[in-house]
Amino acid sequence: MIKSMTAFARESSQSALGELTWELRTVNHRYLEPMLRLPEELRALDTRIRARLGERLHRGKVDCALRFNPGAGAPVALELNRPLVEQLLAAGDALAGLSGRDTRPTPFELLRWPGVIREQERDLDQIGAAAMALLDQAIDGLIATREREGARLAQLVRERCDRLEVCVERVRTRMPEVIAETRARLAERLAELREELDEGRLEQEIVLVATKLDVDEEMDRLTAHIAEVRSVLERDEPIGRRLDFLMQELNRETNTIGSKSSDVEITRTVVDMKVLIEQMREQIQNIE
């Protein structure tokens, strides 16, 4: 299914560990380029996150942000720094011996001393596993959005292919008239020279001019390229680069038709074709 490269997804989860929130934003880019913003305690997930994004996405600049809030209800284990407490008590005893009075600190005074109480490290493995599971959900939502937008882009491209085919048929219908009119004008201009020119050579010159004006090959290639665009739109794989190449080919054939003809009607049609091709090209820039 066709996917756009422009999308947004947000997923959150709440548990005893705290609150995890992923926000994913993607825009068009030639390659896959993840830009990660992670909490300091979860930076070790960087490589795993990049690998997971590479498995699920193929192109686009991905702004990937993770927030972690332990929350007031998150369990926190407190640990007593026993070596420090023992040092403080020993210092209190020494001071008492010097001063002649009891200066040993009370337990609550000890608790206020920096470093006496330490928080045990959270189970980062468990938090990391929850973050990766939530990332999969966020990527699922992102891909779903990309697919919806991709379907819309594919429909826009198909509609312009329909209109482009109408333009090609208009040129195909008009071209014989242009060649006939050109032959008539050329014959009229050379009428006064017919006595001096060989009839066979004169006919050859007229045929040569008509051949230079003929764009049947260009129109056949245009028709083939349009059919290929339709075929590519049905593929279940990244197709953006191939479509972009086909737009270049469509534009090349259209330019050739425009350069070969000085007919006003065909020139107008060629302009319409170039506008349609440019509109398709702009949309295709967002297709993965």
# chains A, B, ... in the order shown; residues from 1 in each chain; ligands from 1
call {"tool": "residues_around", "arguments": {"residues": "Val171 of chain A", "least_positions_apart": "4", "cutoff": "8 Å", "atoms": "only C-alpha atoms", "output": "list in words"}}
result
Cys167, Met175, Ile266 and Thr269 of chain A
call {"tool": "closest_atom_pairs", "arguments": {"of": "segment 128-184 of chain A", "to": "segment 212-231 of chain A", "cutoff": "8 Å", "atoms": "only C-alpha atoms", "output": "CSV"}}
result
residue,atom,partner,partner_atom,distance
A:Arg158,CA,A:Arg230,CA,6.9
A:Cys161,CA,A:Ile226,CA,6.3
A:Glu165,CA,A:Thr223,CA,7.1
A:Val168,CA,A:Met219,CA,6.5
A:Arg172,CA,A:Met219,CA,7.4
A:Met175,CA,A:Asp214,CA,7.5
A:Ile179,CA,A:Leu213,CA,6.9
call {"tool": "residues_around", "arguments": {"residues": "Trp113 of chain A", "least_positions_apart": "4", "cutoff": "12 Å", "atoms": "only C-alpha atoms", "output": "list in words"}}
result
Leu80, Asn81, Leu84, Val85, Gln87, Leu88, Leu89, Pro105, Thr106, Pro107, Phe108, Glu109, Ile117 and Arg118 of chain A
call {"tool": "closest_atom_pairs", "arguments": {"of": "segment 6-31 of chain A", "to": "segment 127-143 of chain A", "cutoff": "7 Å", "atoms": "only C-alpha atoms", "output": "Markdown table"}}
result
| residue | atom | partner | partner_atom | distance |
| --- | --- | --- | --- | --- |
| A:Ala7 | CA | A:Leu142 | CA | 6.2 |
| A:Phe8 | CA | A:Leu142 | CA | 5.9 |
| A:Ala9 | CA | A:Leu142 | CA | 5.0 |
| A:Arg10 | CA | A:Ala138 | CA | 6.0 |
| A:Glu11 | CA | A:Ala138 | CA | 5.4 |
| A:Leu17 | CA | A:Ile127 | CA | 6.9 |
| A:Leu20 | CA | A:Ala131 | CA | 6.7 |
| A:Trp22 | CA | A:Leu135 | CA | 6.6 |
call {"tool": "atom_distance", "arguments": {"atom1": "atom CA of Arg52 of chain A", "atom2": "atom CA of Glu147 of chain A"}}
result
18.7 Å
call {"tool": "residues_around", "arguments": {"residues": "Asp63 of chain A", "least_positions_apart": "2", "cutoff": "6 Å", "atoms": "only C-alpha atoms", "output": "PyMOL selection string"}}
result
chain A and resi 24-25+35
call {"tool": "write_last_selection", "arguments": {"atoms": "C-alpha atoms", "output": "PDB file, in the first residue's frame"}}
result
ATOM      1  CA  LEU A  24       6.529  10.674  16.159  1.00  0.00           C
ATOM      2  CA  ARG A  25       6.519  13.221  13.342  1.00  0.00           C
ATOM      3  CA  MET A  35      16.125  12.386  14.963  1.00  0.00           C
TER       4      MET A  35
END
call {"tool": "atom_distance", "arguments": {"atom1": "atom CA of Glu86 of chain A", "atom2": "atom CA of Leu98 of chain A"}}
result
18.5 Å
call {"tool": "select_by_dssp", "arguments": {"residues": "segment 50-97 of chain A", "states": "strand (DSSP E or B)", "output": "PyMOL selection string"}}
result
chain A and resi 60-69+78-80
call {"tool": "write_last_selection", "arguments": {"atoms": "C-alpha atoms", "output": "short mmCIF file (atom, residue, chain, number, x, y, z; two decimals), in the first residue's frame"}}
result
data_model
loop_
_atom_site.label_atom_id
_atom_site.label_comp_id
_atom_site.auth_asym_id
_atom_site.auth_seq_id
_atom_site.Cartn_x
_atom_site.Cartn_y
_atom_site.Cartn_z
CA GLY A 60 11.42 10.22 5.61
CA LYS A 61 12.85 12.44 8.32
CA VAL A 62 11.52 11.10 11.63
CA ASP A 63 11.35 13.33 14.70
CA CYS A 64 11.08 10.78 17.52
CA ALA A 65 10.59 12.06 21.09
CA LEU A 66 10.15 10.01 24.28
CA ARG A 67 9.05 11.46 27.63
CA PHE A 68 9.19 9.56 30.92
CA ASN A 69 7.56 10.82 34.10
CA LEU A 78 15.24 4.39 49.69
CA GLU A 79 18.66 3.12 50.70
CA LEU A 80 20.65 4.22 53.75
#
call {"tool": "atom_distance", "arguments": {"atom1": "atom CA of Met5 of chain A", "atom2": "atom CA of Leu164 of chain A"}}
result
25.2 Å
call {"tool": "closest_residue", "arguments": {"among": "A:Arg281, A:Asp272, A:Ala187, A:Val232", "to": "Glu249 of chain A", "atoms": "only C-alpha atoms"}}
result
A:Arg281
call {"tool": "residues_around", "arguments": {"residues": "Arg50 of chain A", "least_positions_apart": "3", "cutoff": "10 Å", "atoms": "only C-alpha atoms", "output": "PDB file with N, CA, C and O atoms, in the first residue's frame"}}
result
ATOM      1  N   GLU A  33      15.860   9.237   8.018  1.00  0.00           N
ATOM      2  CA  GLU A  33      16.738  10.009   8.905  1.00  0.00           C
ATOM      3  C   GLU A  33      16.042  10.209  10.256  1.00  0.00           C
ATOM      4  O   GLU A  33      15.272  11.155  10.428  1.00  0.00           O
ATOM      5  N   PRO A  34      16.304   9.311  11.223  1.00  0.00           N
ATOM      6  CA  PRO A  34      15.691   9.469  12.549  1.00  0.00           C
ATOM      7  C   PRO A  34      16.398  10.555  13.360  1.00  0.00           C
ATOM      8  O   PRO A  34      17.623  10.652  13.362  1.00  0.00           O
ATOM      9  N   MET A  35      15.614  11.368  14.045  1.00  0.00           N
ATOM     10  CA  MET A  35      16.125  12.386  14.963  1.00  0.00           C
ATOM     11  C   MET A  35      15.512  12.069  16.332  1.00  0.00           C
ATOM     12  O   MET A  35      14.311  12.278  16.545  1.00  0.00           O
ATOM     13  N   LEU A  36      16.334  11.551  17.263  1.00  0.00           N
ATOM     14  CA  LEU A  36      15.822  11.057  18.538  1.00  0.00           C
ATOM     15  C   LEU A  36      16.029  12.054  19.667  1.00  0.00           C
ATOM     16  O   LEU A  36      17.085  12.691  19.765  1.00  0.00           O
ATOM     17  N   LEU A  45      18.687   3.164  24.915  1.00  0.00           N
ATOM     18  CA  LEU A  45      17.762   2.588  23.931  1.00  0.00           C
ATOM     19  C   LEU A  45      18.013   3.113  22.524  1.00  0.00           C
ATOM     20  O   LEU A  45      17.380   2.640  21.567  1.00  0.00           O
ATOM     21  N   ASP A  46      18.899   4.065  22.362  1.00  0.00           N
ATOM     22  CA  ASP A  46      19.096   4.745  21.078  1.00  0.00           C
ATOM     23  C   ASP A  46      19.262   3.763  19.918  1.00  0.00           C
ATOM     24  O   ASP A  46      18.558   3.838  18.902  1.00  0.00           O
ATOM     25  N   THR A  47      20.185   2.829  20.033  1.00  0.00           N
ATOM     26  CA  THR A  47      20.465   1.892  18.934  1.00  0.00           C
ATOM     27  C   THR A  47      19.263   1.014  18.624  1.00  0.00           C
ATOM     28  O   THR A  47      18.929   0.786  17.455  1.00  0.00           O
ATOM     29  N   LEU A  53      12.926   1.545  13.956  1.00  0.00           N
ATOM     30  CA  LEU A  53      12.417   2.465  12.932  1.00  0.00           C
ATOM     31  C   LEU A  53      12.844   2.010  11.549  1.00  0.00           C
ATOM     32  O   LEU A  53      12.066   2.080  10.587  1.00  0.00           O
ATOM     33  N   GLY A  54      14.090   1.522  11.424  1.00  0.00           N
ATOM     34  CA  GLY A  54      14.570   1.055  10.131  1.00  0.00           C
ATOM     35  C   GLY A  54      13.832  -0.174   9.633  1.00  0.00           C
ATOM     36  O   GLY A  54      13.706  -0.377   8.425  1.00  0.00           O
ATOM     37  N   GLU A  55      13.333  -1.004  10.570  1.00  0.00           N
ATOM     38  CA  GLU A  55      12.575  -2.191  10.177  1.00  0.00           C
ATOM     39  C   GLU A  55      11.193  -1.831   9.642  1.00  0.00           C
ATOM     40  O   GLU A  55      10.667  -2.515   8.761  1.00  0.00           O
ATOM     41  N   CYS A  64      11.537  11.822  16.598  1.00  0.00           N
ATOM     42  CA  CYS A  64      11.078  10.781  17.520  1.00  0.00           C
ATOM     43  C   CYS A  64      11.404  11.208  18.951  1.00  0.00           C
ATOM     44  O   CYS A  64      12.577  11.262  19.339  1.00  0.00           O
TER      45      CYS A  64
END
call {"tool": "closest_residue", "arguments": {"among": "A:Ser99, A:Ala91, A:Asn28, A:Glu288", "to": "Met1 of chain A", "atoms": "only C-alpha atoms"}}
result
A:Glu288
call {"tool": "residues_around", "arguments": {"residues": "Arg148 of chain A", "least_positions_apart": "3", "cutoff": "10 Å", "atoms": "only C-alpha atoms", "output": "compact mmCIF listing (two decimals) with C-alpha atoms, in the first residue's frame"}}
result
# COMPACT_ATOMS: atom_id res chain seq x y z
CA MET A 1 0.00 0.00 0.00
CA ILE A 2 1.23 3.48 -0.87
CA LYS A 3 2.43 5.49 2.12
CA SER A 4 2.93 9.21 2.54
CA ALA A 7 2.39 11.89 9.38
CA ILE A 143 1.99 3.88 9.45
CA ALA A 144 -1.81 3.90 9.50
CA THR A 145 -1.78 7.67 9.07
CA ALA A 151 -4.21 6.60 -0.57
CA ARG A 152 -5.25 10.22 -1.00
CA LEU A 153 -2.02 11.06 -2.85
call {"tool": "residues_around", "arguments": {"residues": "segment 251-255 of chain A", "least_positions_apart": "2", "cutoff": "9 Å", "atoms": "only C-alpha atoms", "output": "VMD selection string"}}
result
chain A and resid 218 to 219 221 to 222 246 to 249 257 to 260 270 to 271 273 to 274 277 to 278
